[in-house]
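These notes are about the structure you will find just below.
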Amino acid sequence: MSHDNALPELLAQLAASKIDTRESDAIRTGFEAAATRPVTLRTNMLRATSDEVAEALTDAGISYERVPWFEDAFVLTNVRERAIWDLPIYQDGSVYLQSLSSMLPPLVLAPRDGADVLDMCAAPGGKTSEMAALAPRAHITACEMKAPRADKLEYNLRKLGVHTANVMRVDARRIDEFFSFDQILLDAPCTGTGTYHIGDERAQTRMTSHLLARVTKAQQALLDRALTVLKPGGELVYATCSIMPEENERQVITALKRHRDCELVPLTGPVPEDTPARAATAQAVADAVEAGAIPRLPNELPGTLTVCPSQLFEGFYIAKIKKVAR
């Protein structure tokens, strides 16, 4: 194996731990394919319709494919991101450049109009704006403690026409327990192992055991606070762009042991009837996972999803938790 193809420390340890070599091969093949991952974007339904976006892409000579499980998503087949920056639909906020995997957590949460929704680690705003488009009358609180990132979050929300989100410049681990929320999205800080691609030299020094120890501590604190401020009957989606079990299913397993009033909501099967207006999209995601249209890796907690890195998808983890109503 050449040095260029050597996996970073964390991923090498993960690959070595896999008894099933097919799983290790799938991970490595996915990282290799990631180097040629196409540009993907999402229609911002607060500014435009997907038909209008499709027409604008066609007029610009940009080929695309639609995504069966999410009508607002486009895979561009012959262009780089830089070419999108010059398009009016990008400049006026009609589209948002976003990975397919990153689009999944808001769809799984299925925000409701009228609900109090918390986005705990919101910058740069892609998922916040997606939730606002899915439920334009939801009341969204978007947390970001670092000033430059909070500035970027506010800028993006203004550009995308999001008027229902309040940016709170606070460490989400310290949100006052005076607050409570119907729905929470926790896209936690992580090692980013799911976003790796072969040849990424910076990852060799970044994706280390030291980083893993630091982020898992933060993830635990964030999950504890999230489940504390979640209202009885409310739902939380926990997500990372990592494929490390220490950051993913093991965090959820231990959180559920600490919070006995909470239970896992399986991500496959029928979507509950009380799921809001975009229920068809939430069901389409569940069906796509079950059918294998969204590539997955086995994990230690059935009912949660570890997305396998591939040419189309970043490695990602998603779990849904419900607090039992009193």
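A note on labels: chains of the structure tokens are A, B, ... as shown, every chain counts residues from 1, and ligands are counted from 1 in their shown order.
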
Problem set entry | Contacts of Ile294 in chain A at 10 Å (only C-alpha atoms; same-chain gap of 3+ positions) as a ChimeraX atom specification | /A:69,100-101,285-291,305-310,312-313

Exercise. Quick one: residues within 9 Å of Glu154 in chain A, only C-alpha atoms counted, chain neighbours fewer than 3 positions away excluded, as a list of chain:residue names?
Worked result: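 Neighbouring residues, sequence-local ones excluded: A:Ala123, A:Pro124, A:Gly125, A:Arg149, A:Ala150, A:Asp151, A:Leu157, A:Arg158, A:Lys159, A:Asn166, A:Val167.
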
Exercise. Hey, what's within 12 Å of Asn248 in chain A if we count only C-alpha atoms and toss same-chain stuff fewer than 6 positions away? As an MDAnalysis selection string, please?
Worked result: chainID A and resid 186:194 212 215:216 219:220 223 237:242 254:255 299:301 304:307 315:320

Show which residues sit within 12 Å of Asp59 in chain A, as a short mmCIF file (atom, residue, chain, number, x, y, z; two decimals) with C-alpha atoms, in the first residue's frame. Count only C-alpha atoms, and ignore same-chain residues fewer than 5 positions away.
data_model
loop_
_atom_site.label_atom_id
_atom_site.label_comp_id
_atom_site.auth_asym_id
_atom_site.auth_seq_id
_atom_site.Cartn_x
_atom_site.Cartn_y
_atom_site.Cartn_z
CA GLU A 52 -37.74 26.32 -11.51
CA VAL A 53 -34.33 25.10 -10.39
CA ALA A 54 -34.40 22.31 -12.97
CA TYR A 64 -28.47 16.73 -13.53
CA LEU A 87 -25.63 31.23 -11.32
CA PRO A 88 -28.51 33.55 -10.30
CA ILE A 89 -30.23 30.64 -8.52
#

For this session: Quick one: everything within 7 Å of range 129-142 of chain A, counting only C-alpha atoms, minus sequence neighbours fewer than 5 positions away in the same chain. Send it as a list in words.
Result: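 In the requested format, the answer is Asn44, Met45, Leu46, Pro106, Pro111, Arg112, Asp113, Gly114, Ala115, Asp116, Val117, Leu118, Asp119, Met120, Ala122, Leu157, Val162, Thr164, Ala165, Asn166, Val167, Met168 and Arg278 of chain A.
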
Exercise. Just asking: which residues within range 68-245 of chain A are alpha helix (DSSP H) according to DSSP, as a ChimeraX atom specification?
Worked result: /A:81-85,88-91,100-109,126-134,147-159,201-206,209-229

Take the residues from that selection and put them in a file with C-alpha atoms, as a compact mmCIF listing (two decimals), in the first residue's frame.
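The resulting file, out_18.txt, is reproduced below:
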# COMPACT_ATOMS: atom_id res chain seq x y z
CA GLU A 81 -19.06 23.86 -7.45
CA ARG A 82 -17.34 26.98 -8.76
CA ALA A 83 -19.62 27.03 -11.81
CA ILE A 84 -22.69 27.07 -9.55
CA TRP A 85 -21.48 30.13 -7.64
CA PRO A 88 -28.51 33.55 -10.30
CA ILE A 89 -30.23 30.64 -8.52
CA TYR A 90 -27.20 30.36 -6.22
CA GLN A 91 -26.69 34.07 -5.72
CA LEU A 100 -26.98 14.07 0.07
CA SER A 101 -26.04 12.59 3.44
CA SER A 102 -26.34 16.01 5.09
CA MET A 103 -29.90 16.34 3.76
CA LEU A 104 -31.02 13.20 5.62
CA PRO A 105 -31.20 14.29 9.30
CA PRO A 106 -33.83 17.04 8.81
CA LEU A 107 -35.90 14.64 6.69
CA VAL A 108 -35.73 12.02 9.44
CA LEU A 109 -36.66 14.59 12.11
CA GLY A 126 -27.71 24.04 5.75
CA LYS A 127 -29.82 21.85 7.99
CA THR A 128 -31.44 24.83 9.73
CA SER A 129 -32.60 26.23 6.38
CA GLU A 130 -33.75 22.79 5.24
CA MET A 131 -35.92 22.45 8.35
CA ALA A 132 -37.32 25.94 7.78
CA ALA A 133 -38.27 24.96 4.22
CA LEU A 134 -39.83 21.68 5.38
CA ALA A 147 -18.63 34.20 16.66
CA PRO A 148 -17.30 33.72 13.08
CA ARG A 149 -19.49 30.64 12.61
CA ALA A 150 -22.52 32.41 14.11
CA ASP A 151 -21.94 35.31 11.70
CA LYS A 152 -21.85 32.86 8.78
CA LEU A 153 -25.00 31.16 10.05
CA GLU A 154 -26.89 34.46 10.24
CA TYR A 155 -25.67 35.46 6.77
CA ASN A 156 -26.79 32.18 5.21
CA LEU A 157 -30.20 32.27 6.89
CA ARG A 158 -30.80 35.82 5.61
CA LYS A 159 -29.67 34.86 2.10
CA GLU A 201 -3.19 14.38 3.29
CA ARG A 202 -4.54 16.71 5.97
CA ALA A 203 -6.62 13.88 7.41
CA GLN A 204 -3.45 11.99 8.30
CA THR A 205 -2.69 14.49 11.06
CA ARG A 206 -6.30 15.43 11.93
CA SER A 209 -7.26 9.15 18.73
CA HIS A 210 -6.73 12.51 20.47
CA LEU A 211 -9.46 14.09 18.34
CA LEU A 212 -11.76 11.12 18.96
CA ALA A 213 -11.37 11.45 22.74
CA ARG A 214 -12.14 15.18 22.57
CA VAL A 215 -15.23 14.98 20.40
CA THR A 216 -16.79 12.00 22.18
CA LYS A 217 -16.68 13.97 25.43
CA ALA A 218 -18.47 16.88 23.73
CA GLN A 219 -21.00 14.55 22.08
CA GLN A 220 -21.95 13.02 25.44
CA ALA A 221 -22.48 16.44 27.01
CA LEU A 222 -24.56 17.62 24.04
CA LEU A 223 -26.73 14.49 24.04
CA ASP A 224 -27.35 14.79 27.78
CA ARG A 225 -28.41 18.42 27.48
CA ALA A 226 -30.55 17.69 24.41
CA LEU A 227 -32.46 14.90 26.12
CA THR A 228 -32.90 17.11 29.19
CA VAL A 229 -34.50 20.03 27.30
